[in-house]
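As stored in upload27.txt (compact mmCIF, C-alpha atoms):
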# COMPACT_ATOMS: atom_id res chain seq x y z
CA MET A 1 -37.68 -62.99 37.91
CA GLY A 2 -36.76 -65.89 40.21
CA ARG A 3 -33.53 -67.72 39.76
CA LYS A 4 -33.66 -71.46 39.02
CA PRO A 5 -32.11 -73.77 41.63
CA LYS A 6 -28.60 -74.75 40.77
CA ASP A 7 -28.31 -78.20 39.16
CA PRO A 8 -26.09 -80.27 41.44
CA LYS A 9 -24.98 -82.39 38.46
CA ALA A 10 -23.79 -79.41 36.46
CA PRO A 11 -19.99 -79.08 36.20
CA PRO A 12 -18.49 -76.43 38.42
CA ALA A 13 -18.22 -73.03 36.71
CA LYS A 14 -14.81 -71.58 36.10
CA LYS A 15 -13.71 -68.82 38.41
CA GLY A 16 -14.80 -65.48 37.02
CA ALA A 17 -17.17 -67.02 34.41
CA LEU A 18 -20.90 -66.38 34.32
CA SER A 19 -23.33 -69.15 34.94
CA PRO A 20 -26.05 -69.90 32.35
CA GLU A 21 -28.59 -68.23 34.61
CA ASP A 22 -26.38 -65.11 34.92
CA ARG A 23 -25.92 -64.98 31.14
CA GLN A 24 -29.67 -65.20 30.60
CA LEU A 25 -30.27 -62.43 33.15
CA TRP A 26 -27.53 -60.21 31.63
CA SER A 27 -28.95 -60.74 28.12
CA HIS A 28 -32.37 -59.65 29.35
CA VAL A 29 -30.93 -56.48 30.94
CA THR A 30 -28.85 -55.42 27.93
CA ARG A 31 -31.81 -55.78 25.54
CA GLN A 32 -33.71 -53.18 27.55
CA ALA A 33 -30.82 -50.75 28.10
CA GLU A 34 -30.38 -47.62 25.93
CA PRO A 35 -26.97 -46.06 25.14
CA LEU A 36 -26.14 -42.80 26.89
CA ALA A 37 -26.05 -39.67 24.77
CA GLY A 38 -22.50 -38.49 24.12
CA ARG A 39 -21.01 -41.85 25.13
CA ASP A 40 -18.45 -41.83 22.34
CA ARG A 41 -17.50 -38.26 23.18
CA LEU A 42 -16.96 -39.22 26.82
CA TRP A 43 -14.75 -42.13 25.78
CA SER A 44 -12.72 -39.87 23.45
CA LEU A 45 -12.25 -37.28 26.16
CA ALA A 46 -11.29 -39.90 28.70
CA ASP A 47 -8.79 -41.44 26.28
CA ALA A 48 -7.30 -38.04 25.55
CA LEU A 49 -6.91 -37.11 29.21
CA ARG A 50 -5.61 -40.45 30.45
CA GLY A 51 -3.80 -41.76 27.41
CA SER A 52 -4.92 -45.10 28.87
CA GLU A 53 -6.60 -48.18 27.55
CA GLY A 54 -9.45 -47.75 25.10
CA ARG A 55 -12.71 -49.52 25.15
CA ASP A 56 -11.26 -52.52 23.35
CA GLY A 57 -8.45 -52.90 25.90
CA THR A 58 -5.67 -51.58 23.63
CA ARG A 59 -3.38 -48.75 24.65
CA ALA A 60 -4.71 -45.51 23.16
CA ALA A 61 -2.28 -42.77 22.15
CA PRO A 62 -2.95 -39.37 23.76
CA ARG A 63 -5.21 -37.25 21.58
CA ALA A 64 -5.18 -33.51 20.97
CA SER A 65 -7.18 -31.62 23.55
CA ALA A 66 -10.77 -31.04 22.63
CA GLY A 67 -11.05 -28.10 25.03
CA PRO A 68 -10.90 -24.37 24.25
CA GLU A 69 -7.08 -24.29 24.02
CA GLY A 70 -7.02 -27.09 21.46
CA THR A 71 -9.81 -25.48 19.47
CA ARG A 72 -7.99 -22.11 19.39
CA ALA A 73 -4.80 -23.85 18.27
CA ARG A 74 -6.56 -25.61 15.40
CA LEU A 75 -8.31 -22.43 14.31
CA SER A 76 -5.07 -20.45 14.44
CA LYS A 77 -3.31 -23.07 12.36
CA GLY A 78 -6.09 -23.12 9.77
CA THR A 79 -6.24 -19.34 9.58
CA ALA A 80 -2.50 -19.09 9.06
CA ALA A 81 -2.68 -21.62 6.23
CA GLN A 82 -5.59 -19.85 4.51
CA ALA A 83 -4.44 -16.25 4.98
CA PRO A 84 -3.35 -14.77 1.62
CA ALA A 85 0.13 -13.38 1.35
CA GLN A 86 0.09 -9.61 1.69
CA THR A 87 1.74 -7.66 -1.09
CA PRO A 88 4.14 -5.07 0.31
CA ALA A 89 3.02 -1.56 -0.42
CA GLY A 90 5.09 0.29 -2.96
CA PRO A 91 6.95 3.48 -2.14
CA LYS A 92 4.75 6.52 -1.81
CA ARG A 93 5.09 9.17 -4.47
CA PRO A 94 6.62 12.36 -3.11
CA ALA A 95 4.33 15.35 -2.87
CA PRO A 96 4.75 17.76 -5.79
CA PRO A 97 6.76 20.90 -5.00
CA PRO A 98 4.85 24.13 -4.35
CA LEU A 99 4.33 26.39 -7.34
CA VAL A 100 4.63 30.16 -7.71
CA HIS A 101 4.02 32.34 -10.73
CA GLY A 102 6.32 31.20 -13.55
CA ALA A 103 7.59 28.06 -11.80
CA ARG A 104 7.80 24.80 -13.79
CA ASP A 105 7.07 21.30 -12.52
CA GLY A 106 8.68 19.05 -15.11
CA LEU A 107 7.73 21.49 -17.87
CA ASP A 108 10.30 22.29 -20.53
CA ARG A 109 11.52 25.87 -20.77
CA ARG A 110 10.16 26.45 -24.28
CA LYS A 111 6.61 25.56 -23.34
CA ALA A 112 6.83 27.55 -20.10
CA GLU A 113 7.93 30.59 -22.11
CA ARG A 114 5.02 30.18 -24.52
CA LEU A 115 2.65 29.98 -21.54
CA ARG A 116 4.06 33.19 -20.06
CA ARG A 117 3.74 35.07 -23.35
CA GLY A 118 0.18 33.90 -23.92
CA LYS A 119 1.16 31.92 -27.03
CA LEU A 120 -0.68 28.77 -26.01
CA PRO A 121 -4.31 28.57 -27.14
CA ILE A 122 -6.71 29.28 -24.24
CA GLU A 123 -9.26 26.48 -24.21
CA ALA A 124 -11.48 27.67 -21.32
CA THR A 125 -11.95 30.73 -19.10
CA LEU A 126 -13.27 31.11 -15.54
CA ASP A 127 -14.22 34.58 -14.25
CA LEU A 128 -14.32 34.81 -10.44
CA HIS A 129 -15.27 38.51 -10.28
CA GLY A 130 -17.76 39.36 -7.54
CA LEU A 131 -17.68 35.95 -5.82
CA ARG A 132 -17.02 35.29 -2.16
CA GLN A 133 -13.92 33.26 -1.33
CA ALA A 134 -15.73 30.01 -0.51
CA GLU A 135 -17.75 30.10 -3.72
CA ALA A 136 -14.74 31.13 -5.82
CA HIS A 137 -12.67 28.29 -4.33
CA ARG A 138 -15.39 25.73 -5.05
CA ARG A 139 -15.86 26.92 -8.63
CA LEU A 140 -12.13 26.84 -9.29
CA GLU A 141 -11.84 23.24 -8.15
CA HIS A 142 -14.76 22.10 -10.32
CA PHE A 143 -13.48 24.12 -13.27
CA LEU A 144 -10.01 22.55 -13.19
CA ALA A 145 -11.42 19.05 -12.74
CA ASP A 146 -13.83 19.43 -15.65
CA CYS A 147 -11.20 20.93 -17.94
CA GLN A 148 -8.70 18.16 -17.23
CA ALA A 149 -11.36 15.49 -17.73
CA ALA A 150 -12.17 17.06 -21.10
CA GLY A 151 -8.50 16.95 -22.13
CA LYS A 152 -7.98 20.74 -22.03
CA ARG A 153 -4.48 21.98 -21.23
CA CYS A 154 -4.28 25.79 -21.10
CA VAL A 155 -7.01 27.72 -19.27
CA LEU A 156 -7.45 31.30 -18.02
CA VAL A 157 -8.74 32.26 -14.56
CA VAL A 158 -9.71 35.91 -14.00
CA THR A 159 -9.56 37.22 -10.43
CA GLY A 160 -9.34 41.00 -10.87
CA LYS A 161 -6.50 43.20 -9.63
CA GLY A 162 -8.22 44.54 -6.53
CA ALA A 163 -9.54 47.94 -5.46
CA THR A 164 -6.10 49.55 -5.32
CA ARG A 165 -2.61 48.75 -6.53
CA ALA A 166 -1.23 48.90 -2.99
CA GLU A 167 -3.54 46.15 -1.76
CA PRO A 168 -4.12 43.30 -4.22
CA GLY A 169 -7.58 41.79 -4.32
CA VAL A 170 -8.53 38.96 -2.00
CA LEU A 171 -9.14 36.49 -4.83
CA ARG A 172 -5.92 37.46 -6.58
CA SER A 173 -3.93 36.74 -3.38
CA ALA A 174 -5.81 33.51 -2.65
CA LEU A 175 -5.52 31.96 -6.11
CA PRO A 176 -1.86 30.75 -5.79
CA LEU A 177 -2.73 29.17 -2.42
CA TRP A 178 -5.71 27.35 -3.87
CA LEU A 179 -3.68 26.08 -6.83
CA ASN A 180 -1.18 24.54 -4.41
CA GLN A 181 -3.85 22.70 -2.44
CA SER A 182 -4.98 19.15 -3.21
CA PRO A 183 -6.58 18.12 -5.51
CA ASN A 184 -5.78 21.22 -7.61
CA ARG A 185 -2.02 20.81 -7.17
CA GLU A 186 -2.06 17.33 -8.70
CA ARG A 187 -3.69 18.79 -11.83
CA VAL A 188 -1.48 21.84 -12.39
CA LEU A 189 1.92 21.89 -14.14
CA SER A 190 2.50 25.64 -14.13
CA PHE A 191 0.75 29.01 -13.87
CA ASP A 192 1.73 32.60 -14.56
CA TYR A 193 0.24 36.07 -14.84
CA ALA A 194 -1.60 36.72 -18.06
CA GLN A 195 -0.64 39.22 -20.75
CA GLN A 196 -2.38 42.59 -20.76
CA LYS A 197 -4.72 41.54 -23.56
CA HIS A 198 -6.00 38.75 -21.26
CA GLY A 199 -6.21 40.77 -18.02
CA GLY A 200 -2.59 41.31 -16.93
CA THR A 201 -1.91 40.64 -13.25
CA GLY A 202 -5.66 40.34 -12.67
CA ALA A 203 -5.72 37.00 -14.52
CA VAL A 204 -3.64 33.82 -14.59
CA TYR A 205 -2.71 31.30 -17.27
CA ILE A 206 -2.86 27.73 -15.94
CA LEU A 207 -1.34 24.76 -17.72
CA LEU A 208 -2.96 21.46 -16.72
CA ARG A 209 -1.45 17.99 -16.69
CA ARG A 210 -2.65 15.47 -19.19
CA ARG A 211 -5.27 13.15 -17.81
CA ARG A 212 -3.83 9.72 -16.99

Full structure transcribed into structure tokens:
Amino acid sequence: MGRKPKDPKAPPAKKGALSPEDRQLWSHVTRQAEPLAGRDRLWSLADALRGSEGRDGTRAAPRASAGPEGTRARLSKGTAAQAPAQTPAGPKRPAPPPLVHGARDGLDRRKAERLRRGKLPIEATLDLHGLRQAEAHRRLEHFLADCQAAGKRCVLVVTGKGATRAEPGVLRSALPLWLNQSPNRERVLSFDYAQQKHGGTGAVYILLRRRR
């Protein structure tokens, strides 16, 4: 586009001002121009880094960094505000003391004496005769769990006395150990050898805790 010759009669333009021809040319250019993608983001970043004048000529206050450090700071702050307060864990319950034949774990003496004499009604019986240790152990655990779930209190477990009196049977020796292992120990209040009519030292009375 050619520029028109300057009118000699036109008043002199102020210093720094655009002539009518320059304004017309600038208007034509701006109508065809397209804004750059991310232009506002570039201005915001520039303002944040420089803390200098904004696009409108006013002094812009420094902005929070939009980089990774600023992002991590904002996320950390938000996470801290949203994190629920953790409830302190209560004191752990002490492990129950080990039991032996005739011992009482919170059981009154009168009831323990009735258990020893076989005066409590036997509500279930488990016979472990002829079983291998692993199978006998598994059956004992299921038996005690089922009896407690059913609300039964006094049960009888038969192990046998062993081949000879000098060497007690394997199951008879293992039964007190199994009763002191979890989860059996948490179910048992007391145990003791049975009376002769119920098998003597080859059987054991077991008193179970009430189901909570």

Long-range neighbours of Asn184 (chain A) as a ChimeraX atom specification, 12 Å cut-off, only C-alpha atoms, 6 positions minimum in chain: /A:96,98-99,137-148,175-178,190-191,206-209

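With CA of Leu120 (chain A) on one side and CA of Leu189 (chain A) on the other, the separation reads 14.0 Å.
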
How many Å lie between CA of Gly106 (chain A) and CA of Tyr205 (chain A), rounded to one decimal?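 Computed distance, CA of Gly106 (chain A) to CA of Tyr205 (chain A), equals 16.9 Å.
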
Counting only C-alpha atoms, figure out which residue out of A:Gln133, A:Ser19, A:Gln196, A:Gln24 gets nearest to Val170 (chain A).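 Closest to Val170 (chain A) of all the choices is A:Gln133.
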
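Coordinates place CA of Thr201 (chain A) at a distance of 6.4 Å from CA of Lys161 (chain A).
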
May I ask which of the residues A:Asn180, A:Thr159, A:Ser173, A:Gln195 is the closest one to Gly118 (chain A), counting all atoms listed in the file?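 The shortest atom-to-atom distance to Gly118 (chain A) comes from A:Gln195.
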